[in-house]
>>> print(open('model26.cif').read())   # mmCIF, C-alpha atoms
data_my_file
#
loop_
_atom_site.label_atom_id
_atom_site.label_comp_id
_atom_site.auth_asym_id
_atom_site.auth_seq_id
_atom_site.Cartn_x
_atom_site.Cartn_y
_atom_site.Cartn_z
CA MET A 1 32.57 -2.91 54.06
CA ASN A 2 33.17 -6.21 52.28
CA TRP A 3 33.08 -7.68 48.76
CA ILE A 4 29.28 -8.03 48.92
CA THR A 5 28.87 -4.31 49.54
CA ASN A 6 31.64 -3.22 47.21
CA TYR A 7 30.97 -5.52 44.27
CA VAL A 8 27.79 -7.60 44.40
CA ARG A 9 25.34 -4.86 45.36
CA PRO A 10 26.55 -2.36 42.68
CA ARG A 11 26.49 -5.15 40.11
CA ILE A 12 22.90 -6.08 40.95
CA ASN A 13 21.86 -2.43 40.89
CA SER A 14 23.43 -1.91 37.48
CA ILE A 15 21.58 -4.92 36.04
CA PHE A 16 18.16 -3.82 37.26
CA SER A 17 18.68 -0.14 36.46
CA ARG A 18 19.49 -0.70 32.77
CA ARG A 19 17.16 1.10 30.43
CA GLU A 20 15.33 -1.11 27.97
CA ILE A 21 16.30 -0.41 24.37
CA PRO A 22 13.50 -0.83 21.80
CA GLU A 23 14.05 -3.77 19.45
CA ASN A 24 12.61 -2.01 16.41
CA LEU A 25 15.27 0.69 16.07
CA TRP A 26 17.02 -1.15 13.24
CA SER A 27 15.84 -3.23 10.28
CA LYS A 28 17.86 -5.54 8.10
CA CYS A 29 17.47 -5.38 4.34
CA ASP A 30 16.43 -8.78 2.98
CA GLU A 31 18.34 -8.17 -0.24
CA CYS A 32 21.76 -6.78 0.76
CA GLY A 33 21.79 -7.34 4.54
CA THR A 34 22.41 -3.68 5.39
CA MET A 35 21.24 -2.57 8.84
CA LEU A 36 18.97 0.46 8.42
CA PHE A 37 17.89 2.92 11.13
CA HIS A 38 14.11 2.84 11.41
CA ARG A 39 13.61 6.60 11.06
CA GLU A 40 15.80 6.77 7.99
CA LEU A 41 14.04 3.75 6.48
CA SER A 42 10.57 5.18 7.20
CA ALA A 43 11.52 8.54 5.68
CA ASN A 44 12.65 6.66 2.56
CA LEU A 45 9.26 4.89 2.30
CA PHE A 46 10.78 1.54 3.33
CA VAL A 47 13.10 1.44 0.34
CA CYS A 48 16.66 0.33 1.16
CA THR A 49 19.03 3.27 0.90
CA ASN A 50 21.87 0.95 -0.10
CA CYS A 51 20.42 -1.34 -2.79
CA ASP A 52 16.99 0.22 -3.55
CA HIS A 53 15.20 -2.95 -2.43
CA HIS A 54 11.48 -2.29 -1.82
CA MET A 55 10.41 -3.70 1.53
CA ALA A 56 6.85 -4.42 2.63
CA ILE A 57 4.71 -1.44 3.56
CA THR A 58 1.20 -1.41 5.01
CA PRO A 59 -1.69 0.34 3.22
CA ARG A 60 -2.03 2.84 6.08
CA GLU A 61 1.64 3.81 5.81
CA ARG A 62 1.36 4.00 2.04
CA PHE A 63 -1.74 6.19 2.14
CA GLY A 64 0.01 8.52 4.57
CA THR A 65 2.45 9.42 1.79
CA LEU A 66 0.01 9.12 -1.13
CA PHE A 67 -2.70 11.58 -0.12
CA ASP A 68 -2.10 15.32 0.17
CA GLY A 69 -0.87 16.05 3.69
CA GLY A 70 -1.40 12.39 4.58
CA ILE A 71 -5.09 13.17 5.13
CA PHE A 72 -7.68 10.58 4.07
CA ALA A 73 -11.02 9.21 5.17
CA GLU A 74 -11.69 5.49 5.41
CA VAL A 75 -14.55 4.07 3.37
CA GLU A 76 -16.88 1.75 5.26
CA VAL A 77 -16.81 -1.85 3.99
CA PRO A 78 -19.71 -4.25 4.69
CA ALA A 79 -18.58 -7.07 6.97
CA PRO A 80 -19.24 -10.61 5.66
CA LYS A 81 -20.19 -13.64 7.70
CA ALA A 82 -17.34 -14.44 10.08
CA ASP A 83 -16.80 -18.18 9.47
CA PRO A 84 -19.17 -19.38 6.73
CA LEU A 85 -17.60 -22.85 6.31
CA GLN A 86 -16.72 -23.55 9.97
CA PHE A 87 -13.19 -24.12 8.67
CA ARG A 88 -10.48 -25.55 10.88
CA ASP A 89 -6.93 -26.72 10.16
CA GLN A 90 -4.32 -26.39 12.92
CA LYS A 91 -6.41 -23.49 14.26
CA LYS A 92 -9.98 -22.37 13.94
CA TYR A 93 -10.52 -19.70 11.29
CA PRO A 94 -11.86 -17.12 13.83
CA ASP A 95 -8.73 -17.67 15.94
CA ARG A 96 -6.51 -16.98 12.93
CA MET A 97 -8.47 -13.83 12.21
CA LYS A 98 -8.11 -12.58 15.80
CA ALA A 99 -4.36 -13.25 15.71
CA ALA A 100 -3.98 -11.36 12.42
CA GLN A 101 -6.06 -8.43 13.71
CA LYS A 102 -3.97 -8.23 16.86
CA ALA A 103 -0.67 -8.41 14.95
CA THR A 104 -1.59 -5.80 12.32
CA GLY A 105 -4.08 -3.58 14.10
CA GLU A 106 -6.39 -3.80 11.07
CA LYS A 107 -9.82 -5.38 10.65
CA GLU A 108 -8.99 -7.17 7.41
CA ALA A 109 -6.58 -7.51 4.49
CA MET A 110 -7.74 -4.43 2.54
CA LEU A 111 -8.06 -0.76 3.41
CA VAL A 112 -10.20 1.61 1.31
CA ALA A 113 -9.84 5.37 1.62
CA THR A 114 -10.73 8.57 -0.16
CA GLY A 115 -9.03 11.93 -0.25
CA GLU A 116 -7.06 14.27 -2.49
CA MET A 117 -3.89 13.43 -4.38
CA GLY A 118 -2.30 16.33 -6.21
CA ARG A 119 -5.45 18.35 -5.35
CA SER A 120 -7.63 15.91 -7.28
CA GLN A 121 -10.13 13.58 -5.62
CA ILE A 122 -9.30 9.86 -5.74
CA VAL A 123 -10.35 6.60 -4.10
CA ALA A 124 -7.57 4.20 -3.12
CA ALA A 125 -7.63 0.56 -2.03
CA GLY A 126 -4.60 -1.25 -0.64
CA GLN A 127 -3.98 -4.86 0.35
CA ASP A 128 -2.01 -5.68 3.47
CA PHE A 129 0.22 -8.72 2.91
CA SER A 130 0.96 -8.93 6.63
CA PHE A 131 -2.73 -9.79 7.23
CA MET A 132 -2.95 -13.50 6.37
CA ALA A 133 -0.76 -12.94 3.29
CA GLY A 134 -3.24 -10.40 1.93
CA SER A 135 -5.45 -13.31 0.92
CA MET A 136 -8.61 -12.56 -1.05
CA GLY A 137 -11.72 -13.44 0.89
CA MET A 138 -15.26 -12.11 0.99
CA TYR A 139 -14.17 -8.96 2.82
CA VAL A 140 -11.66 -8.10 0.09
CA GLY A 141 -14.39 -8.58 -2.53
CA ASN A 142 -16.72 -6.31 -0.55
CA ALA A 143 -13.91 -3.75 -0.20
CA ILE A 144 -13.28 -3.55 -3.95
CA ILE A 145 -17.01 -3.21 -4.65
CA ALA A 146 -17.25 -0.47 -2.00
CA ALA A 147 -14.23 1.29 -3.55
CA ALA A 148 -15.72 1.13 -7.05
CA GLU A 149 -19.10 2.41 -5.84
CA GLU A 150 -17.41 5.27 -3.96
CA ALA A 151 -15.38 6.20 -7.06
CA VAL A 152 -18.54 6.22 -9.22
CA LYS A 153 -20.35 8.30 -6.59
CA ARG A 154 -17.54 10.86 -6.45
CA LYS A 155 -16.78 10.58 -10.19
CA CYS A 156 -13.09 10.12 -9.56
CA PRO A 157 -10.34 7.54 -10.35
CA LEU A 158 -9.76 4.36 -8.36
CA ILE A 159 -6.17 3.38 -7.58
CA LEU A 160 -5.62 -0.13 -6.23
CA PHE A 161 -2.41 -1.45 -4.64
CA SER A 162 -2.33 -5.24 -4.85
CA ALA A 163 -0.28 -7.53 -2.60
CA ALA A 164 -1.59 -11.05 -2.06
CA GLY A 165 -0.77 -14.70 -1.93
CA GLY A 166 -4.03 -15.55 -3.70
CA ALA A 167 -7.49 -16.60 -2.52
CA ARG A 168 -8.19 -17.40 1.14
CA MET A 169 -8.46 -21.15 1.56
CA GLN A 170 -10.46 -20.85 4.80
CA GLU A 171 -13.38 -19.51 2.75
CA GLY A 172 -13.12 -22.10 -0.02
CA ILE A 173 -15.34 -21.54 -3.06
CA LEU A 174 -16.64 -18.31 -1.52
CA SER A 175 -13.18 -16.75 -1.89
CA LEU A 176 -13.02 -17.82 -5.55
CA MET A 177 -16.39 -16.17 -6.16
CA GLN A 178 -14.70 -12.83 -5.45
CA MET A 179 -12.98 -13.07 -8.84
CA PRO A 180 -16.18 -12.50 -10.88
CA ARG A 181 -17.55 -10.09 -8.24
CA THR A 182 -14.52 -7.83 -8.47
CA THR A 183 -14.58 -8.08 -12.27
CA VAL A 184 -18.12 -6.69 -12.22
CA ALA A 185 -16.94 -3.89 -9.91
CA VAL A 186 -14.20 -2.93 -12.36
CA GLN A 187 -16.76 -2.96 -15.17
CA MET A 188 -18.79 -0.38 -13.21
CA LEU A 189 -15.83 1.99 -13.42
CA LYS A 190 -15.38 1.40 -17.13
CA GLU A 191 -19.06 2.05 -17.86
CA ALA A 192 -18.80 5.30 -15.86
CA GLY A 193 -15.73 6.30 -17.87
CA LEU A 194 -13.52 6.51 -14.77
CA PRO A 195 -9.82 5.57 -14.66
CA TYR A 196 -8.84 2.38 -12.86
CA ILE A 197 -5.11 2.16 -12.11
CA VAL A 198 -3.46 -0.88 -10.55
CA VAL A 199 -0.11 -0.76 -8.76
CA LEU A 200 1.20 -4.29 -8.38
CA THR A 201 3.51 -4.76 -5.40
CA HIS A 202 5.50 -7.71 -4.10
CA PRO A 203 4.01 -10.28 -4.24
CA THR A 204 0.83 -10.36 -6.33
CA THR A 205 -0.14 -13.94 -7.11
CA GLY A 206 -2.95 -16.44 -7.58
CA GLY A 207 -6.57 -15.46 -8.06
CA VAL A 208 -5.77 -11.79 -7.43
CA THR A 209 -3.55 -11.71 -10.52
CA ALA A 210 -6.24 -13.63 -12.42
CA SER A 211 -8.89 -11.00 -11.66
CA TYR A 212 -8.89 -7.36 -10.56
CA ALA A 213 -5.09 -6.93 -10.44
CA MET A 214 -4.77 -7.28 -14.23
CA LEU A 215 -7.93 -5.44 -15.32
CA GLY A 216 -6.66 -1.88 -14.95
CA ASP A 217 -6.45 0.83 -17.59
CA VAL A 218 -2.82 1.28 -16.55
CA HIS A 219 -0.63 -1.30 -14.79
CA ILE A 220 2.35 -0.09 -12.76
CA ALA A 221 4.63 -2.29 -10.67
CA GLU A 222 7.23 -1.64 -8.02
CA PRO A 223 10.78 -2.81 -8.86
CA GLY A 224 11.45 -6.49 -8.25
CA ALA A 225 7.84 -7.38 -7.49
CA LEU A 226 6.82 -11.00 -8.05
CA ILE A 227 3.69 -11.03 -10.24
CA CYS A 228 2.25 -14.36 -11.30
CA PHE A 229 -0.57 -16.89 -11.04
CA ALA A 230 1.50 -19.97 -10.16
CA GLY A 231 4.91 -19.33 -8.63
CA PRO A 232 8.21 -20.07 -10.40
CA ARG A 233 8.99 -23.05 -8.16
CA VAL A 234 5.68 -24.72 -9.06
CA ILE A 235 6.29 -24.11 -12.77
CA GLU A 236 9.83 -25.50 -12.62
CA GLN A 237 8.59 -28.65 -10.89
CA THR A 238 5.82 -29.04 -13.48
CA ILE A 239 7.78 -28.52 -16.71
CA ARG A 240 11.09 -29.80 -15.26
CA GLU A 241 13.05 -26.96 -16.84
CA LYS A 242 15.11 -24.10 -15.50
CA LEU A 243 13.29 -20.77 -15.86
CA PRO A 244 14.94 -17.60 -17.21
CA GLU A 245 16.65 -15.20 -14.81
CA GLY A 246 14.15 -12.81 -13.22
CA PHE A 247 11.17 -14.80 -14.52
CA GLN A 248 7.81 -13.36 -13.34
CA ARG A 249 9.48 -10.31 -11.83
CA ALA A 250 8.22 -6.82 -12.67
CA GLU A 251 11.08 -6.00 -15.06
CA TYR A 252 10.62 -9.28 -16.96
CA LEU A 253 6.87 -8.67 -17.36
CA LEU A 254 7.51 -5.11 -18.52
CA ASP A 255 9.85 -6.38 -21.24
CA HIS A 256 7.19 -8.88 -22.35
CA GLY A 257 4.30 -6.40 -22.53
CA MET A 258 2.28 -7.29 -19.42
CA LEU A 259 2.99 -4.01 -17.61
CA ASP A 260 3.00 -0.36 -18.63
CA ARG A 261 5.54 0.93 -16.13
CA VAL A 262 7.95 -0.14 -13.40
CA THR A 263 8.26 2.77 -11.01
CA SER A 264 10.13 3.27 -7.76
CA ARG A 265 8.00 3.84 -4.70
CA LEU A 266 9.81 7.14 -4.18
CA LYS A 267 8.44 8.41 -7.51
CA MET A 268 5.07 6.64 -7.42
CA ARG A 269 2.98 9.55 -6.12
CA ASP A 270 4.19 11.95 -8.84
CA GLU A 271 3.64 9.24 -11.45
CA LEU A 272 0.09 8.57 -10.30
CA ILE A 273 -0.75 12.28 -10.21
CA ALA A 274 0.47 12.70 -13.78
CA ILE A 275 -1.43 9.63 -15.06
CA THR A 276 -4.73 10.36 -13.29
CA ARG A 277 -4.77 13.97 -14.50
CA MET A 278 -3.94 12.89 -18.04
CA LEU A 279 -6.71 10.26 -18.08
CA GLN A 280 -9.20 12.85 -16.81
CA GLY A 281 -8.19 15.42 -19.39
CA LEU A 282 -6.76 17.79 -16.77
CA PRO A 283 -3.66 19.97 -17.26
CA PRO A 284 -0.38 18.75 -15.73
CA ALA A 285 0.01 19.46 -12.02
CA ILE A 286 2.32 22.27 -10.98
CA LYS A 287 4.04 21.80 -7.64
CA GLY A 288 3.14 24.48 -5.18
CA GLU A 289 0.33 25.89 -7.29
CA LEU A 290 -2.60 27.57 -5.54
CA PRO A 291 -6.20 27.03 -6.62
CA ALA A 292 -7.26 29.85 -8.92
CA PRO A 293 -9.99 32.18 -7.59
CA GLU A 294 -13.36 31.69 -9.24
CA GLY A 295 -15.35 34.25 -11.26
CA ASN A 296 -16.26 37.39 -9.33
CA GLU A 297 -13.68 36.56 -6.67
CA ALA A 298 -10.90 37.05 -9.23
CA ALA A 299 -12.39 40.36 -10.44
CA ASP A 300 -12.83 41.64 -6.88
CA THR A 301 -9.23 40.73 -6.06
CA SER A 302 -7.98 42.52 -9.18
CA GLU A 303 -10.01 45.68 -8.37
CA ALA A 304 -8.79 45.70 -4.80
CA GLN A 305 -5.18 45.46 -5.90
CA THR A 306 -5.72 48.36 -8.38
CA ALA A 307 -7.32 50.54 -5.72
CA GLU A 308 -4.50 49.91 -3.24
CA THR A 309 -1.72 50.68 -5.72
CA PRO A 310 -0.81 54.42 -5.55
CA GLU A 311 -0.59 56.37 -8.80
CA PRO A 312 2.91 57.50 -9.79
CA ASP A 313 3.75 61.18 -9.08
CA ALA A 314 3.60 63.07 -12.40
CA LYS A 315 6.17 65.64 -11.24
CA LYS A 316 8.74 62.92 -10.64
#
>>> encode(input="model26.cif", output="structure tokens")
Amino acid sequence: MNWITNYVRPRINSIFSRREIPENLWSKCDECGTMLFHRELSANLFVCTNCDHHMAITPRERFGTLFDGGIFAEVEVPAPKADPLQFRDQKKYPDRMKAAQKATGEKEAMLVATGEMGRSQIVAAGQDFSFMAGSMGMYVGNAIIAAAEEAVKRKCPLILFSAAGGARMQEGILSLMQMPRTTVAVQMLKEAGLPYIVVLTHPTTGGVTASYAMLGDVHIAEPGALICFAGPRVIEQTIREKLPEGFQRAEYLLDHGMLDRVTSRLKMRDELIAITRMLQGLPPAIKGELPAPEGNEAADTSEAQTAETPEPDAKK
């Protein structure tokens, strides 16, 4: 026995036998710096439990809490031409797309789904900011048109969650053409008399704000969301003046009449259920209510209950 056996070998064994600890167990709040356990943060819908800061959330995660039981069906979106302008900056456009698809696990920057929310049918569309900054390209335009057509087909409301840095520069003028295309899609809903509700999340900017994100019947925003066409830094550099505190944030826009509500993500589902039912002329939702039996089914149930109930003893 020597120092190699007594010290070096156990030390080497301890190094190689260490269990790897996942790196995603904790997340740091961008606002207050609090370290948050991932399970606790996920259960709180990615809202900081210390300062109520709303962190980024993907459409798939959002839909899992929006639809009843987290059950929804994806709506097929027509795929546009992959690289119509043969665009290249530091990377080729197809290479950027492949990198974004690998990082997010999604095909594109918008997810469209249908299902029940509060036992009422809805169609929902959500932008994914983690996919090339949620930029609006031809696919996003196709997705909104597909969502509007599905809502008209099912005669139900469309709820859209916006989160974008604007139009996608790799598609040039073709991305800007999605502004009038999506405007026509929204008009389809209005002509059908169907509610169109927009939930603006952080950030919603550029051509998205200038088109479908501000054409809703009701506009709701998450707390602290940046909502604008040109950002505050660009405006300050242009007018050479200091902007007011909280300029272009959700609370500022609510005070100046551009929004109808600013609602926490934790209360968003209940808010949307109440608004969609009200716009459709339905009675308020009751938590835990069961669907009422229809027609003869109700009568048969009543007769069965009467037959099974014994008559009281007259002697008693």
>>> resolve_selection(input="model26.cif", expression="the PyMOL selection byres ((chain A and resi 194) around 9)", output="list in words")
Ala151, Val152, Lys155, Cys156, Pro157, Leu158, Met188, Leu189, Lys190, Glu191, Ala192, Gly193, Pro195, Tyr196, Leu279 and Gln280 of chain A
>>> atom_distance(input="model26.cif", atom1="atom CA of Leu215 of chain A", atom2="atom CA of Ile275 of chain A")
16.4 Å
>>> resolve_selection(input="model26.cif", expression="the PyMOL selection byres ((chain A and resi 144-148) around 8)", output="number ranges by chain")
A: 75-77, 112-113, 123-125, 140-143, 149-152, 158, 181-182, 185-186, 188-189
>>> atom_distance(input="model26.cif", atom1="atom CA of Ala109 of chain A", atom2="atom CA of Ser135 of chain A")
6.9 Å
>>> resolve_selection(input="model26.cif", expression="the PyMOL selection byres ((chain A and resi 222) around 6)", output="list in words")
Thr201, Ala221, Pro223, Ala225, Val262, Thr263 and Ser264 of chain A
>>> residues_around(input="model26.cif", residues="segment 70-74 of chain A", least_positions_apart="3", cutoff="7 Å", atoms="all atoms listed in the file", output="PyMOL selection string")
chain A and resi 63-67+112-115
>>> axis_aligned_box(input="model26.cif", around="segment 47-53 of chain A", padding_each_side="6 Å", output="JSON")
{"center_x": 17.5, "center_y": 0.2, "center_z": -1.2, "size_x": 20.8, "size_y": 18.2, "size_z": 16.7}
>>> closest_residue(input="model26.cif", among="A:Ser162, A:Gln248, A:Gln170, A:Gln86", to="Ser211 of chain A", atoms="all atoms listed in the file")
A:Ser162
>>> build_atoms(input="model26.cif", residues="segment 82-93 of chain A", atoms="N, CA and C atoms", output="PDB file, keeping the file's coordinate frame")
ATOM      1  N   ALA A  82     -18.660 -14.220   9.491  1.00  0.00           N
ATOM      2  CA  ALA A  82     -17.340 -14.440  10.080  1.00  0.00           C
ATOM      3  C   ALA A  82     -16.686 -15.764   9.668  1.00  0.00           C
ATOM      4  N   ASP A  83     -17.391 -16.861   9.769  1.00  0.00           N
ATOM      5  CA  ASP A  83     -16.800 -18.180   9.470  1.00  0.00           C
ATOM      6  C   ASP A  83     -17.836 -19.024   8.728  1.00  0.00           C
ATOM      7  N   PRO A  84     -18.056 -18.751   7.441  1.00  0.00           N
ATOM      8  CA  PRO A  84     -19.170 -19.380   6.730  1.00  0.00           C
ATOM      9  C   PRO A  84     -19.026 -20.892   6.566  1.00  0.00           C
ATOM     10  N   LEU A  85     -17.803 -21.425   6.540  1.00  0.00           N
ATOM     11  CA  LEU A  85     -17.600 -22.850   6.310  1.00  0.00           C
ATOM     12  C   LEU A  85     -17.229 -23.620   7.572  1.00  0.00           C
ATOM     13  N   GLN A  86     -17.163 -22.913   8.724  1.00  0.00           N
ATOM     14  CA  GLN A  86     -16.720 -23.550   9.970  1.00  0.00           C
ATOM     15  C   GLN A  86     -15.374 -24.258   9.738  1.00  0.00           C
ATOM     16  N   PHE A  87     -14.467 -23.528   9.099  1.00  0.00           N
ATOM     17  CA  PHE A  87     -13.190 -24.120   8.670  1.00  0.00           C
ATOM     18  C   PHE A  87     -12.228 -24.241   9.850  1.00  0.00           C
ATOM     19  N   ARG A  88     -11.503 -25.356   9.855  1.00  0.00           N
ATOM     20  CA  ARG A  88     -10.480 -25.550  10.880  1.00  0.00           C
ATOM     21  C   ARG A  88      -9.343 -26.386  10.317  1.00  0.00           C
ATOM     22  N   ASP A  89      -8.098 -25.897  10.467  1.00  0.00           N
ATOM     23  CA  ASP A  89      -6.930 -26.720  10.160  1.00  0.00           C
ATOM     24  C   ASP A  89      -6.179 -26.905  11.472  1.00  0.00           C
ATOM     25  N   GLN A  90      -4.986 -26.324  11.630  1.00  0.00           N
ATOM     26  CA  GLN A  90      -4.320 -26.390  12.920  1.00  0.00           C
ATOM     27  C   GLN A  90      -4.989 -25.467  13.932  1.00  0.00           C
ATOM     28  N   LYS A  91      -5.662 -24.415  13.422  1.00  0.00           N
ATOM     29  CA  LYS A  91      -6.410 -23.490  14.260  1.00  0.00           C
ATOM     30  C   LYS A  91      -7.780 -23.257  13.657  1.00  0.00           C
ATOM     31  N   LYS A  92      -8.692 -22.785  14.458  1.00  0.00           N
ATOM     32  CA  LYS A  92      -9.980 -22.370  13.940  1.00  0.00           C
ATOM     33  C   LYS A  92      -9.799 -21.067  13.154  1.00  0.00           C
ATOM     34  N   TYR A  93     -10.608 -20.902  12.119  1.00  0.00           N
ATOM     35  CA  TYR A  93     -10.520 -19.700  11.290  1.00  0.00           C
ATOM     36  C   TYR A  93     -10.720 -18.422  12.118  1.00  0.00           C
TER      37      TYR A  93
END
